[in-house]
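protein.cif follows (mmCIF, C-alpha atoms and all ligand atoms):
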data_structure
loop_
_atom_site.label_atom_id
_atom_site.label_comp_id
_atom_site.auth_asym_id
_atom_site.auth_seq_id
_atom_site.Cartn_x
_atom_site.Cartn_y
_atom_site.Cartn_z
CA MET A 1 22.48 49.43 109.14
CA SER A 2 21.95 47.57 105.88
CA ILE A 3 20.05 44.50 104.72
CA GLU A 4 21.69 41.64 102.87
CA PHE A 5 19.72 39.07 100.93
CA GLN A 6 20.19 36.64 98.08
CA CYS A 7 18.98 37.34 94.57
CA LYS A 8 16.29 34.73 93.88
CA GLN A 9 17.58 34.19 90.35
CA CYS A 10 21.39 34.29 90.38
CA LEU A 11 21.84 33.76 94.15
CA SER A 12 24.37 36.56 94.49
CA THR A 13 24.27 38.47 97.76
CA LEU A 14 22.78 41.94 97.48
CA ARG A 15 22.98 44.72 100.07
CA VAL A 16 20.75 47.72 100.44
CA PRO A 17 20.25 50.29 103.22
CA SER A 18 17.64 49.13 105.72
CA GLU A 19 15.27 52.01 104.94
CA HIS A 20 14.44 50.26 101.64
CA ALA A 21 13.12 47.17 103.42
CA GLY A 22 9.94 45.82 101.83
CA LYS A 23 10.56 47.60 98.50
CA GLN A 24 11.79 46.20 95.23
CA ALA A 25 15.40 46.16 94.07
CA LYS A 26 16.87 45.23 90.71
CA CYS A 27 19.79 42.79 90.89
CA PRO A 28 22.83 44.45 89.26
CA LYS A 29 24.06 41.10 88.00
CA CYS A 30 21.04 39.50 86.36
CA GLU A 31 18.51 42.40 86.53
CA PHE A 32 15.96 40.23 88.33
CA ILE A 33 13.52 42.28 90.46
CA ASN A 34 13.78 41.12 94.07
CA MET A 35 11.60 41.98 97.05
CA ILE A 36 13.88 43.41 99.74
CA PRO A 37 13.17 41.52 102.99
CA MET A 38 12.57 43.29 106.29
CA SER A 39 15.88 42.01 107.67
CA THR A 40 19.04 40.24 106.57
CA THR A 41 18.36 36.70 105.32
CA ALA A 42 21.60 35.64 103.68
CA PRO A 43 24.59 34.52 105.76
CA VAL A 44 26.60 37.67 106.40
CA ASP A 45 30.34 37.85 106.51
CA SER A 46 31.23 39.65 109.74
CA ALA A 47 33.82 41.77 107.95
CA ASN A 48 31.18 43.06 105.53
CA ALA A 49 28.47 43.65 108.13
CA GLY A 50 27.51 47.16 109.20
CA GLY A 51 27.82 49.06 105.96
CA THR A 52 28.60 52.74 105.65
CA GLY A 53 25.12 53.64 104.45
CA ASN A 54 25.51 53.52 100.69
CA THR A 55 22.77 55.09 98.63
CA PHE A 56 20.32 52.78 96.90
CA THR A 57 21.28 54.01 93.41
CA GLN A 58 24.78 52.64 93.86
CA PRO A 59 24.76 48.96 92.94
CA PRO A 60 25.92 46.60 95.66
CA THR A 61 29.46 45.53 94.91
CA ASP A 62 30.35 43.18 97.76
CA PHE A 63 28.94 39.75 96.97
CA SER A 64 30.05 37.48 99.76
CA GLN A 65 30.72 33.93 98.68
CA PRO A 66 28.49 31.15 99.98
CA LYS A 67 30.22 29.57 102.95
CA SER A 68 30.08 26.05 101.50
CA GLN A 69 32.50 26.95 98.73
CA THR A 70 35.26 28.29 100.96
CA THR A 71 36.21 24.97 102.57
CA ASP A 72 36.91 22.60 99.70
CA ALA A 73 40.07 20.86 100.89
CA ASN A 74 41.68 18.27 98.64
CA PRO A 75 40.47 14.91 100.02
CA TYR A 76 43.42 13.09 98.45
CA GLN A 77 46.07 15.12 100.22
CA SER A 78 46.18 14.33 103.90
CA THR A 79 48.53 16.27 106.12
CA THR A 80 49.81 15.68 109.60
CA ALA A 81 49.55 18.24 112.35
CA GLY A 82 53.03 19.50 111.46
CA GLY A 83 51.98 20.09 107.88
CA VAL A 84 54.34 17.43 106.50
CA PRO A 85 52.67 15.68 103.58
CA GLN A 86 52.17 11.93 104.03
CA TYR A 87 53.13 9.80 101.06
CA THR A 88 50.62 7.06 100.39
CA VAL A 89 53.18 5.26 98.21
CA ALA A 90 56.13 3.83 100.13
CA HIS A 91 59.46 3.65 98.35
CA ARG A 92 60.90 0.31 97.19
CA GLY A 93 64.54 1.33 97.58
CA GLY A 94 65.45 -1.79 99.61
CA LEU A 95 63.92 -4.16 97.07
CA ILE A 96 65.51 -2.37 94.12
CA LEU A 97 68.92 -2.30 95.82
CA ALA A 98 68.62 -6.03 96.63
CA LEU A 99 67.73 -6.79 93.00
CA GLY A 100 70.71 -4.74 91.84
CA ILE A 101 73.11 -6.55 94.21
CA ILE A 102 71.71 -9.98 93.30
CA SER A 103 72.04 -9.21 89.60
CA LEU A 104 75.65 -8.07 90.03
CA VAL A 105 77.19 -10.59 92.46
CA GLY A 106 74.78 -13.48 92.12
CA CYS A 107 73.30 -15.22 89.18
CA ASN A 108 71.73 -12.71 86.80
CA CYS A 109 69.48 -15.39 85.39
CA PHE A 110 68.36 -14.28 81.93
CA LEU A 111 69.20 -10.73 83.08
CA VAL A 112 65.88 -10.67 85.00
CA PRO A 113 67.04 -9.20 88.37
CA GLY A 114 69.18 -6.54 86.69
CA ILE A 115 66.46 -5.44 84.25
CA LEU A 116 63.87 -5.49 87.07
CA ALA A 117 66.07 -3.24 89.22
CA TRP A 118 66.59 -0.96 86.22
CA ILE A 119 62.88 -0.68 85.29
CA LEU A 120 61.56 -0.42 88.87
CA GLY A 121 64.30 2.06 89.79
CA ALA A 122 63.61 4.30 86.81
CA SER A 123 59.86 4.33 87.42
CA ASP A 124 60.24 4.92 91.17
CA LEU A 125 62.76 7.73 90.67
CA SER A 126 60.31 9.52 88.38
CA LYS A 127 57.56 9.07 90.99
CA ILE A 128 59.84 10.49 93.70
CA LYS A 129 60.72 13.42 91.46
CA ALA A 130 57.00 14.07 90.89
CA GLY A 131 56.41 14.01 94.66
CA ARG A 132 54.20 10.92 94.53
CA MET A 133 56.56 8.63 96.44
CA ASP A 134 58.47 8.73 99.71
CA PRO A 135 61.71 10.61 98.83
CA SER A 136 63.71 9.00 101.66
CA GLY A 137 64.30 5.98 99.41
CA GLU A 138 65.78 8.00 96.55
CA SER A 139 69.46 7.08 97.13
CA LEU A 140 68.71 3.36 97.68
CA THR A 141 66.58 3.34 94.55
CA ARG A 142 69.25 5.12 92.51
CA VAL A 143 72.07 2.81 93.66
CA GLY A 144 69.94 -0.28 92.99
CA MET A 145 69.02 0.99 89.53
CA ILE A 146 72.67 1.75 88.66
CA LEU A 147 73.75 -1.74 89.83
CA GLY A 148 70.97 -3.18 87.66
CA ILE A 149 72.10 -1.17 84.62
CA VAL A 150 75.76 -2.11 85.15
CA SER A 151 75.07 -5.82 85.58
CA THR A 152 72.59 -5.87 82.71
CA GLY A 153 75.15 -4.20 80.47
CA PHE A 154 77.92 -6.51 81.72
CA TYR A 155 75.98 -9.74 81.31
CA ALA A 156 74.51 -8.63 77.99
CA LEU A 157 78.04 -7.91 76.76
CA MET A 158 79.25 -11.31 78.02
CA GLY A 159 76.31 -12.97 76.33
CA LEU A 160 77.04 -11.16 73.08
CA LEU A 161 80.74 -12.14 73.28
CA TYR A 162 79.82 -15.77 73.97
CA PHE A 163 77.34 -15.72 71.07
CA ALA A 164 79.92 -14.12 68.78
CA MET A 165 82.55 -16.70 69.76
CA ALA A 166 80.10 -19.51 69.14
CA VAL A 167 79.21 -18.13 65.74
CA ALA A 168 82.85 -17.53 64.92
CA SER A 169 83.88 -21.02 65.93
CA MET A 170 81.02 -22.50 63.93
CA ALA A 171 82.07 -20.45 60.92
CA PHE A 172 85.71 -21.40 61.53
CA ASP A 173 84.82 -25.06 61.74
CA GLY A 174 82.74 -24.78 58.60
CA GLY A 175 85.57 -23.08 56.72
CA ASN A 176 88.09 -25.61 57.91
CA PHE A 177 86.03 -28.53 57.05
ZN ZN A 201 20.57 38.34 90.39
#
Hey, can you dump this file as structure tokens for me?
Amino acid sequence: MSIEFQCKQCLSTLRVPSEHAGKQAKCPKCEFINMIPMSTTAPVDSANAGGTGNTFTQPPTDFSQPKSQTTDANPYQSTTAGGVPQYTVAHRGGLILALGIISLVGCNCFLVPGILAWILGASDLSKIKAGRMDPSGESLTRVGMILGIVSTGFYALMGLLYFAMAVASMAFDGGNF
């Protein structure tokens, strides 16, 4: 039978044979002189209880951790009973796909829907890849983003062509005149 108690200075758990109860013991960690109590005072891990009768000259080596430090679960990560992580951020795949379709078949007014689908899609895909967003929307998000890129490129090209034709015709008119 052994006695476990906490060092009054460094709070590590010390263990001595019970026949040394009431005597003084030097903490092997911080060398503080502790009074050995008559019985165990510190919370004892059941696996470490009932020592094999170590001699007092041998320094105690098993410092059991305080119980408060063993249960520090991450408060930001909630899990269901099945252990499947719950994503706090829902995907916006439907919205991004709609923006992509609108930009391609509808009026891509000032390229806004296409660029929106592109930017939102790129940012959401990186969040999904980092595990911060619901991955079930990955394909919707990707398709919407690609539609946005295609329509943005298409309409930007058309705009450039129109601009170039306007400039060319102006220059042509100027040269003719
Ligand atoms: Zn100590």
The distance between atom CA of A:Ile33 and atom CA of A:Ile3 is 15.8 Å
Checklist line | Within 9 Å of A:Gln6 using only C-alpha atoms, minus same-chain residues under 3 positions, as a list of chain:residue names | finding: A:Gln9, A:Cys10, A:Leu11, A:Ser12, A:Thr13, A:Leu14, A:Arg15, A:Asn34, A:Thr41, A:Ala42
* State, in Å with one decimal place, the distance from atom CA of A:Ala117 to atom CA of A:Gly131. =>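 Atom-to-atom, atom CA of A:Ala117 and atom CA of A:Gly131 are spaced 20.5 Å apart.
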Measuring atom to atom with all atoms listed in the file, identify which of A:Glu4, A:Phe32, A:Lys23, A:Asp173 is nearest to ligand ZN 201 (chain A).
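Smallest separation from ligand ZN 201 (chain A) among the options: A:Phe32.
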Using only C-alpha atoms, determine which residues lie at most 9 Å from A:Gly114, disregarding the query and same-chain residues fewer than 5 positions distant; provide the list as a ChimeraX atom specification. /A:99-104,108-109,119,144-145,147-153
File of the preceding selection, C-alpha atoms, as a compact mmCIF listing (two decimals), keeping the file's coordinate frame:
# COMPACT_ATOMS: atom_id res chain seq x y z
CA LEU A 99 67.73 -6.79 93.00
CA GLY A 100 70.71 -4.74 91.84
CA ILE A 101 73.11 -6.55 94.21
CA ILE A 102 71.71 -9.98 93.30
CA SER A 103 72.04 -9.21 89.60
CA LEU A 104 75.65 -8.07 90.03
CA ASN A 108 71.73 -12.71 86.80
CA CYS A 109 69.48 -15.39 85.39
CA ILE A 119 62.88 -0.68 85.29
CA GLY A 144 69.94 -0.28 92.99
CA MET A 145 69.02 0.99 89.53
CA LEU A 147 73.75 -1.74 89.83
CA GLY A 148 70.97 -3.18 87.66
CA ILE A 149 72.10 -1.17 84.62
CA VAL A 150 75.76 -2.11 85.15
CA SER A 151 75.07 -5.82 85.58
CA THR A 152 72.59 -5.87 82.71
CA GLY A 153 75.15 -4.20 80.47
Can you work out the spacing between atom CA of A:Cys30 and atom CA of A:Ser2 in Å, to one decimal?
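Between atom CA of A:Cys30 and atom CA of A:Ser2 the gap is 21.1 Å.
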I need the residue nearest ligand ZN 201 (chain A) from this list: A:Arg132, A:Lys26, A:Lys127, A:His20. Use all atoms listed in the file for the distance.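 For ligand ZN 201 (chain A), the nearest of the candidates is A:Lys26.
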Enclose the full set of atoms of stretch 117-132 of chain A listed in the file within a box whose edges lie along x, y and z, apply 5 Å of padding to each of the six sides, and report centre and edge lengths in Å to one decimal as lines of an AutoDock Vina configuration file.
center_x = 60.4
center_y = 5.4
center_z = 90.0
size_x = 22.4
size_y = 27.3
size_z = 19.4
Between A:Met133, A:Gly106, A:Leu97, A:Ala25, smallest distance to ligand ZN 201 (chain A) by only C-alpha atoms and all ligand atoms belongs to A:Ala25
Nearest-residue call for ligand ZN 201 (chain A), choices A:Met35, A:Cys7, A:Val143, A:Leu120, using all atoms listed in the file:
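When distances to ligand ZN 201 (chain A) are compared using all atoms listed in the file, the smallest one comes from A:Cys7.
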